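Raw start.cif, mmCIF, C-alpha atoms:
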```cif
data_run
#
loop_
_atom_site.group_PDB
_atom_site.id
_atom_site.type_symbol
_atom_site.label_atom_id
_atom_site.label_comp_id
_atom_site.auth_asym_id
_atom_site.auth_seq_id
_atom_site.Cartn_x
_atom_site.Cartn_y
_atom_site.Cartn_z
ATOM 1 C CA MET A 1 -43.264 -35.670 23.070
ATOM 2 C CA ASP A 2 -44.020 -36.810 19.542
ATOM 3 C CA PRO A 3 -40.736 -37.984 17.930
ATOM 4 C CA ASN A 4 -42.071 -36.941 14.507
ATOM 5 C CA LEU A 5 -42.681 -33.329 15.641
ATOM 6 C CA ILE A 6 -40.204 -30.479 15.118
ATOM 7 C CA VAL A 7 -41.124 -27.128 16.684
ATOM 8 C CA LEU A 8 -39.803 -23.725 15.566
ATOM 9 C CA THR A 9 -40.144 -20.337 17.258
ATOM 10 C CA ALA A 10 -38.889 -16.868 16.350
ATOM 11 C CA ALA A 11 -35.563 -17.793 17.992
ATOM 12 C CA ASP A 12 -35.037 -20.386 15.221
ATOM 13 C CA SER A 13 -35.038 -17.774 12.425
ATOM 14 C CA GLY A 14 -31.968 -18.015 10.200
ATOM 15 C CA ILE A 15 -30.394 -19.659 7.177
ATOM 16 C CA TYR A 16 -30.930 -23.382 6.541
ATOM 17 C CA ASP A 17 -29.260 -25.585 3.916
ATOM 18 C CA GLU A 18 -32.456 -27.567 3.320
ATOM 19 C CA ILE A 19 -35.654 -28.713 4.947
ATOM 20 C CA LYS A 20 -36.597 -32.353 4.530
ATOM 21 C CA LEU A 21 -39.515 -33.901 6.348
ATOM 22 C CA GLY A 22 -39.881 -37.652 6.149
ATOM 23 C CA GLU A 23 -43.149 -39.497 5.795
ATOM 24 C CA GLY A 24 -45.541 -38.323 8.512
ATOM 25 C CA GLN A 25 -43.095 -35.836 10.063
ATOM 26 C CA LYS A 26 -44.427 -32.490 11.285
ATOM 27 C CA LEU A 27 -42.838 -29.052 11.480
ATOM 28 C CA HIS A 28 -44.916 -26.654 13.590
ATOM 29 C CA ILE A 29 -44.428 -22.904 13.940
ATOM 30 C CA VAL A 30 -45.739 -22.179 17.425
ATOM 31 C CA ASP A 31 -44.477 -18.800 18.617
ATOM 32 C CA GLY A 32 -43.603 -15.480 17.037
ATOM 33 C CA GLU A 33 -42.644 -14.595 13.495
ATOM 34 C CA VAL A 34 -40.112 -17.059 12.071
ATOM 35 C CA THR A 35 -38.095 -15.979 9.031
ATOM 36 C CA ILE A 36 -35.894 -18.530 7.296
ATOM 37 C CA HIS A 37 -33.828 -18.575 4.142
ATOM 38 C CA VAL A 38 -33.503 -22.075 2.686
ATOM 39 C CA THR A 39 -30.527 -22.146 0.327
ATOM 40 C CA GLY A 40 -31.369 -25.642 -0.962
ATOM 41 C CA ASP A 41 -34.618 -27.543 -1.417
ATOM 42 C CA VAL A 42 -37.679 -27.996 0.769
ATOM 43 C CA ARG A 43 -39.041 -31.540 0.494
ATOM 44 C CA LEU A 44 -42.049 -32.908 2.311
ATOM 45 C CA HIS A 45 -42.500 -36.628 1.824
ATOM 46 C CA ASN A 46 -45.908 -38.343 1.937
ATOM 47 C CA SER A 47 -48.206 -37.023 4.669
ATOM 48 C CA ALA A 48 -45.626 -34.565 6.027
ATOM 49 C CA GLU A 49 -46.935 -31.359 7.566
ATOM 50 C CA LEU A 50 -45.690 -27.793 7.898
ATOM 51 C CA LEU A 51 -48.235 -26.067 10.118
ATOM 52 C CA ILE A 52 -48.641 -22.565 11.531
ATOM 53 C CA VAL A 53 -50.364 -23.267 14.861
ATOM 54 C CA ASP A 54 -53.337 -21.069 15.753
ATOM 55 C CA ASN A 55 -52.628 -19.668 19.225
ATOM 56 C CA VAL A 56 -52.412 -16.381 21.116
ATOM 57 C CA SER A 57 -48.760 -15.720 20.243
ATOM 58 C CA GLU A 58 -49.653 -15.010 16.593
ATOM 59 C CA PRO A 59 -47.094 -17.295 14.928
ATOM 60 C CA ALA A 60 -46.112 -16.644 11.325
ATOM 61 C CA LEU A 61 -43.560 -17.994 8.843
ATOM 62 C CA ASN A 62 -41.670 -16.243 6.051
ATOM 63 C CA VAL A 63 -39.680 -18.577 3.798
ATOM 64 C CA TYR A 64 -37.116 -17.281 1.322
ATOM 65 C CA LEU A 65 -36.539 -20.210 -0.999
ATOM 66 C CA SER A 66 -33.440 -20.449 -3.202
ATOM 67 C CA GLY A 67 -34.044 -24.094 -4.147
ATOM 68 C CA ASP A 68 -37.257 -25.896 -5.071
ATOM 69 C CA LEU A 69 -40.230 -27.026 -3.005
ATOM 70 C CA GLN A 70 -41.942 -30.376 -3.452
ATOM 71 C CA ALA A 71 -44.738 -31.635 -1.241
ATOM 72 C CA ASP A 72 -45.552 -35.287 -1.919
ATOM 73 C CA ASN A 73 -48.926 -37.034 -1.648
ATOM 74 C CA GLY A 74 -51.006 -35.887 1.297
ATOM 75 C CA SER A 75 -48.526 -33.275 2.518
ATOM 76 C CA PHE A 76 -49.771 -30.037 4.032
ATOM 77 C CA VAL A 77 -48.268 -26.534 4.176
ATOM 78 C CA VAL A 78 -51.056 -24.691 5.955
ATOM 79 C CA THR A 79 -52.242 -22.544 8.803
ATOM 80 C CA GLU A 80 -54.244 -24.369 11.455
ATOM 81 C CA ASN A 81 -57.984 -24.126 10.781
ATOM 82 C CA HIS A 82 -57.166 -22.017 7.685
ATOM 83 C CA ILE A 83 -57.028 -18.934 9.940
ATOM 84 C CA ASP A 84 -55.955 -16.578 7.169
ATOM 85 C CA ASN A 85 -55.591 -16.135 3.433
ATOM 86 C CA GLY A 86 -51.840 -16.334 3.216
ATOM 87 C CA THR A 87 -50.958 -13.593 5.692
ATOM 88 C CA LYS A 88 -49.290 -15.896 8.230
ATOM 89 C CA LEU A 89 -47.366 -18.064 5.773
ATOM 90 C CA LYS A 90 -45.416 -16.397 2.984
ATOM 91 C CA ILE A 91 -43.124 -18.129 0.501
ATOM 92 C CA TYR A 92 -40.754 -15.992 -1.546
ATOM 93 C CA GLY A 93 -38.945 -17.781 -4.352
ATOM 94 C CA THR A 94 -35.615 -16.168 -5.191
ATOM 95 C CA GLU A 95 -34.289 -16.015 -8.757
ATOM 96 C CA THR A 96 -32.826 -19.541 -8.341
ATOM 97 C CA CYS A 97 -36.133 -21.133 -7.240
ATOM 98 C CA GLU A 98 -37.337 -23.050 -10.303
ATOM 99 C CA SER A 99 -40.337 -25.090 -9.117
ATOM 100 C CA ILE A 100 -43.004 -25.383 -6.436
ATOM 101 C CA ILE A 101 -44.970 -28.619 -6.709
ATOM 102 C CA PHE A 102 -47.843 -30.018 -4.626
ATOM 103 C CA MET A 103 -48.719 -33.612 -5.388
ATOM 104 C CA ASN A 104 -51.991 -35.543 -5.032
ATOM 105 C CA SER A 105 -54.138 -34.668 -2.012
ATOM 106 C CA GLY A 106 -51.636 -32.066 -0.803
ATOM 107 C CA GLU A 107 -52.715 -28.706 0.524
ATOM 108 C CA LEU A 108 -51.174 -25.231 0.494
ATOM 109 C CA SER A 109 -52.481 -22.197 2.382
ATOM 110 C CA ALA A 110 -50.040 -19.344 1.815
ATOM 111 C CA ALA A 111 -49.062 -16.273 -0.127
ATOM 112 C CA VAL A 112 -46.516 -17.288 -2.760
ATOM 113 C CA TYR A 113 -44.312 -14.887 -4.692
ATOM 114 C CA ALA A 114 -41.951 -16.809 -6.949
ATOM 115 C CA PRO A 115 -41.838 -15.077 -10.327
ATOM 116 C CA ASP A 116 -39.110 -17.331 -11.766
ATOM 117 C CA ALA A 117 -40.622 -20.627 -10.574
ATOM 118 C CA HIS A 118 -43.004 -23.018 -12.261
ATOM 119 C CA MET A 119 -45.833 -23.872 -9.854
ATOM 120 C CA GLU A 120 -47.868 -27.077 -10.131
ATOM 121 C CA ILE A 121 -50.889 -28.164 -8.109
ATOM 122 C CA LYS A 122 -51.493 -31.767 -9.189
ATOM 123 C CA ASN A 123 -54.677 -33.841 -9.232
ATOM 124 C CA SER A 124 -56.668 -33.367 -6.019
ATOM 125 C CA ALA A 125 -54.170 -31.033 -4.323
ATOM 126 C CA ALA A 126 -55.612 -27.712 -3.151
ATOM 127 C CA ALA A 127 -54.192 -24.204 -2.842
ATOM 128 C CA TYR A 128 -55.586 -21.268 -0.836
ATOM 129 C CA GLY A 129 -54.249 -17.767 -0.373
ATOM 130 C CA SER A 130 -52.696 -15.317 -2.744
#
```
Using structure tokens, write down the structure that the file contains.
Amino acid sequence: MDPNLIVLTAADSGIYDEIKLGEGQKLHIVDGEVTIHVTGDVRLHNSAELLIVDNVSEPALNVYLSGDLQADNGSFVVTENHIDNGTKLKIYGTETCESIIFMNSGELSAAVYAPDAHMEIKNSAAAYGS
């Protein structure tokens, strides 16, 4: 088992204080629809990965974000093989979410609804979805 890999399934749905992935760490959604409310920040350090795995169980992730999201250089928040246009990964910023930032060479493939947040896609970062 990869020590840098964290796996979530539908059974892991719930409220989380924060999500922090260190350099090179991976968070994979592998089974069912996972719905989480993050009351603090989501931070992905360099080359971290949040991935919806493409398999027969139709995994999906809904994130309700009360804090901010920052993905550092080379971090990915995507669906494997870009299997959709934001239908499997949805990020909802609540009224207290102020910023969503993807740094250099990062990648986002999701539907994002965060009307009170400032969103930045910096330098060679890429965003797909709606």
Write out as an mmCIF file with C-alpha atoms, keeping the file's coordinate frame the residues lying within 10 Å of A:Thr87, counting only C-alpha atoms and excluding same-chain residues fewer than 4 positions away.
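File written: selection-v1.cif
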```cif
data_model
loop_
_atom_site.group_PDB
_atom_site.id
_atom_site.type_symbol
_atom_site.label_atom_id
_atom_site.label_comp_id
_atom_site.auth_asym_id
_atom_site.auth_seq_id
_atom_site.Cartn_x
_atom_site.Cartn_y
_atom_site.Cartn_z
ATOM 1 C CA ALA A 60 -46.112 -16.644 11.325
ATOM 2 C CA LEU A 61 -43.560 -17.994 8.843
ATOM 3 C CA ASN A 62 -41.670 -16.243 6.051
ATOM 4 C CA THR A 79 -52.242 -22.544 8.803
ATOM 5 C CA ILE A 83 -57.028 -18.934 9.940
ATOM 6 C CA SER A 109 -52.481 -22.197 2.382
ATOM 7 C CA ALA A 110 -50.040 -19.344 1.815
ATOM 8 C CA ALA A 111 -49.062 -16.273 -0.127
ATOM 9 C CA GLY A 129 -54.249 -17.767 -0.373
ATOM 10 C CA SER A 130 -52.696 -15.317 -2.744
#
```
For A:Val7, the nearest of the candidates A:Gly67, A:Gly106, A:Gly22, A:Gly32, counting all atoms listed in the file: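 Closest residue, counting all atoms listed in the file: A:Gly32.
Each of A:Glu49, A:Asp17, A:Glu58, A:Asp12 was checked against A:Lys88 using only C-alpha atoms; the smallest atom-to-atom distance is that of A:Glu58.
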Mind pulling up the distance from atom CA of A:Pro59 to atom CA of A:Leu27?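 Spanning atom CA of A:Leu27 to atom CA of A:Pro59 is a straight-line distance of 13.0 Å.
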List the neighbours of A:Tyr92 out to 7 Å using only C-alpha atoms; skip same-chain residues closer than 5 positions along the sequence, and give me the result as a list of chain:residue names. A:Val63, A:Tyr64, A:Leu65, A:Val112, A:Tyr113, A:Ala114
Okay, now the selection with C-alpha atoms, as a PDB file, in the coordinates of the input?
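And here's selection.pdb as it stands now:
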```
ATOM      1  CA  VAL A  63     -39.680 -18.577   3.798  1.00  0.00           C
ATOM      2  CA  TYR A  64     -37.116 -17.281   1.322  1.00  0.00           C
ATOM      3  CA  LEU A  65     -36.539 -20.210  -0.999  1.00  0.00           C
ATOM      4  CA  VAL A 112     -46.516 -17.288  -2.760  1.00  0.00           C
ATOM      5  CA  TYR A 113     -44.312 -14.887  -4.692  1.00  0.00           C
ATOM      6  CA  ALA A 114     -41.951 -16.809  -6.949  1.00  0.00           C
TER       7      ALA A 114
END
```
Reconstruct N, CA and C atoms of stretch 28-61 of chain A; output as an mmCIF file, in the coordinates of the input.
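To be explicit, this is the file written out as rebuild-v7.cif:
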```cif
data_model
loop_
_atom_site.group_PDB
_atom_site.id
_atom_site.type_symbol
_atom_site.label_atom_id
_atom_site.label_comp_id
_atom_site.auth_asym_id
_atom_site.auth_seq_id
_atom_site.Cartn_x
_atom_site.Cartn_y
_atom_site.Cartn_z
ATOM 1 N N HIS A 28 -43.915 -27.606 13.121
ATOM 2 C CA HIS A 28 -44.916 -26.654 13.590
ATOM 3 C C HIS A 28 -44.256 -25.338 13.975
ATOM 4 N N ILE A 29 -44.829 -24.242 13.539
ATOM 5 C CA ILE A 29 -44.428 -22.904 13.940
ATOM 6 C C ILE A 29 -45.391 -22.511 15.055
ATOM 7 N N VAL A 30 -44.853 -22.328 16.277
ATOM 8 C CA VAL A 30 -45.739 -22.179 17.425
ATOM 9 C C VAL A 30 -45.664 -20.828 18.115
ATOM 10 N N ASP A 31 -44.612 -20.028 17.849
ATOM 11 C CA ASP A 31 -44.477 -18.800 18.617
ATOM 12 C C ASP A 31 -43.696 -17.754 17.843
ATOM 13 N N GLY A 32 -44.293 -16.594 17.654
ATOM 14 C CA GLY A 32 -43.603 -15.480 17.037
ATOM 15 C C GLY A 32 -43.485 -15.610 15.532
ATOM 16 N N GLU A 33 -42.853 -14.604 14.936
ATOM 17 C CA GLU A 33 -42.644 -14.595 13.495
ATOM 18 C C GLU A 33 -41.295 -15.223 13.180
ATOM 19 N N VAL A 34 -41.315 -16.328 12.450
ATOM 20 C CA VAL A 34 -40.112 -17.059 12.071
ATOM 21 C C VAL A 34 -39.785 -16.700 10.625
ATOM 22 N N THR A 35 -38.547 -16.283 10.385
ATOM 23 C CA THR A 35 -38.095 -15.979 9.031
ATOM 24 C C THR A 35 -36.885 -16.847 8.735
ATOM 25 N N ILE A 36 -36.999 -17.644 7.666
ATOM 26 C CA ILE A 36 -35.894 -18.530 7.296
ATOM 27 C C ILE A 36 -35.562 -18.360 5.821
ATOM 28 N N HIS A 37 -34.287 -18.536 5.527
ATOM 29 C CA HIS A 37 -33.828 -18.575 4.142
ATOM 30 C C HIS A 37 -33.302 -19.984 3.917
ATOM 31 N N VAL A 38 -33.928 -20.709 3.003
ATOM 32 C CA VAL A 38 -33.503 -22.075 2.686
ATOM 33 C C VAL A 38 -32.704 -21.996 1.392
ATOM 34 N N THR A 39 -31.398 -22.274 1.490
ATOM 35 C CA THR A 39 -30.527 -22.146 0.327
ATOM 36 C C THR A 39 -30.646 -23.328 -0.631
ATOM 37 N N GLY A 40 -31.151 -24.451 -0.139
ATOM 38 C CA GLY A 40 -31.369 -25.642 -0.962
ATOM 39 C C GLY A 40 -32.856 -25.886 -1.130
ATOM 40 N N ASP A 41 -33.233 -27.153 -1.159
ATOM 41 C CA ASP A 41 -34.618 -27.543 -1.417
ATOM 42 C C ASP A 41 -35.418 -27.751 -0.137
ATOM 43 N N VAL A 42 -36.727 -27.608 -0.271
ATOM 44 C CA VAL A 42 -37.679 -27.996 0.769
ATOM 45 C C VAL A 42 -38.418 -29.201 0.213
ATOM 46 N N ARG A 43 -38.389 -30.308 0.953
ATOM 47 C CA ARG A 43 -39.041 -31.540 0.494
ATOM 48 C C ARG A 43 -39.871 -32.114 1.626
ATOM 49 N N LEU A 44 -41.135 -32.278 1.368
ATOM 50 C CA LEU A 44 -42.049 -32.908 2.311
ATOM 51 C C LEU A 44 -42.489 -34.222 1.695
ATOM 52 N N HIS A 45 -42.107 -35.316 2.327
ATOM 53 C CA HIS A 45 -42.500 -36.628 1.824
ATOM 54 C C HIS A 45 -43.957 -36.906 2.197
ATOM 55 N N ASN A 46 -44.495 -38.018 1.758
ATOM 56 C CA ASN A 46 -45.908 -38.343 1.937
ATOM 57 C C ASN A 46 -46.397 -38.046 3.349
ATOM 58 N N SER A 47 -47.511 -37.337 3.422
ATOM 59 C CA SER A 47 -48.206 -37.023 4.669
ATOM 60 C C SER A 47 -47.396 -36.175 5.640
ATOM 61 N N ALA A 48 -46.369 -35.491 5.176
ATOM 62 C CA ALA A 48 -45.626 -34.565 6.027
ATOM 63 C C ALA A 48 -46.446 -33.289 6.194
ATOM 64 N N GLU A 49 -46.111 -32.512 7.233
ATOM 65 C CA GLU A 49 -46.935 -31.359 7.566
ATOM 66 C C GLU A 49 -46.067 -30.191 8.029
ATOM 67 N N LEU A 50 -46.257 -29.045 7.415
ATOM 68 C CA LEU A 50 -45.690 -27.793 7.898
ATOM 69 C C LEU A 50 -46.882 -26.945 8.296
ATOM 70 N N LEU A 51 -47.008 -26.660 9.588
ATOM 71 C CA LEU A 51 -48.235 -26.067 10.118
ATOM 72 C C LEU A 51 -47.929 -24.830 10.943
ATOM 73 N N ILE A 52 -48.657 -23.754 10.685
ATOM 74 C CA ILE A 52 -48.641 -22.565 11.531
ATOM 75 C C ILE A 52 -49.761 -22.781 12.543
ATOM 76 N N VAL A 53 -49.397 -22.943 13.812
ATOM 77 C CA VAL A 53 -50.364 -23.267 14.861
ATOM 78 C C VAL A 53 -51.154 -22.014 15.235
ATOM 79 N N ASP A 54 -52.449 -22.163 15.374
ATOM 80 C CA ASP A 54 -53.337 -21.069 15.753
ATOM 81 C C ASP A 54 -53.329 -20.937 17.278
ATOM 82 N N ASN A 55 -52.614 -19.911 17.779
ATOM 83 C CA ASN A 55 -52.628 -19.668 19.225
ATOM 84 C C ASN A 55 -52.464 -18.179 19.494
ATOM 85 N N VAL A 56 -52.424 -17.790 20.750
ATOM 86 C CA VAL A 56 -52.412 -16.381 21.116
ATOM 87 C C VAL A 56 -51.113 -15.660 20.790
ATOM 88 N N SER A 57 -50.038 -16.373 20.511
ATOM 89 C CA SER A 57 -48.760 -15.720 20.243
ATOM 90 C C SER A 57 -48.613 -15.257 18.796
ATOM 91 N N GLU A 58 -49.655 -15.456 17.980
ATOM 92 C CA GLU A 58 -49.653 -15.010 16.593
ATOM 93 C C GLU A 58 -48.444 -15.492 15.789
ATOM 94 N N PRO A 59 -48.225 -16.789 15.709
ATOM 95 C CA PRO A 59 -47.094 -17.295 14.928
ATOM 96 C C PRO A 59 -47.260 -17.004 13.440
ATOM 97 N N ALA A 60 -46.117 -16.868 12.766
ATOM 98 C CA ALA A 60 -46.112 -16.644 11.325
ATOM 99 C C ALA A 60 -44.792 -17.179 10.776
ATOM 100 N N LEU A 61 -44.766 -17.473 9.480
ATOM 101 C CA LEU A 61 -43.560 -17.994 8.843
ATOM 102 C C LEU A 61 -43.342 -17.302 7.513
#
```
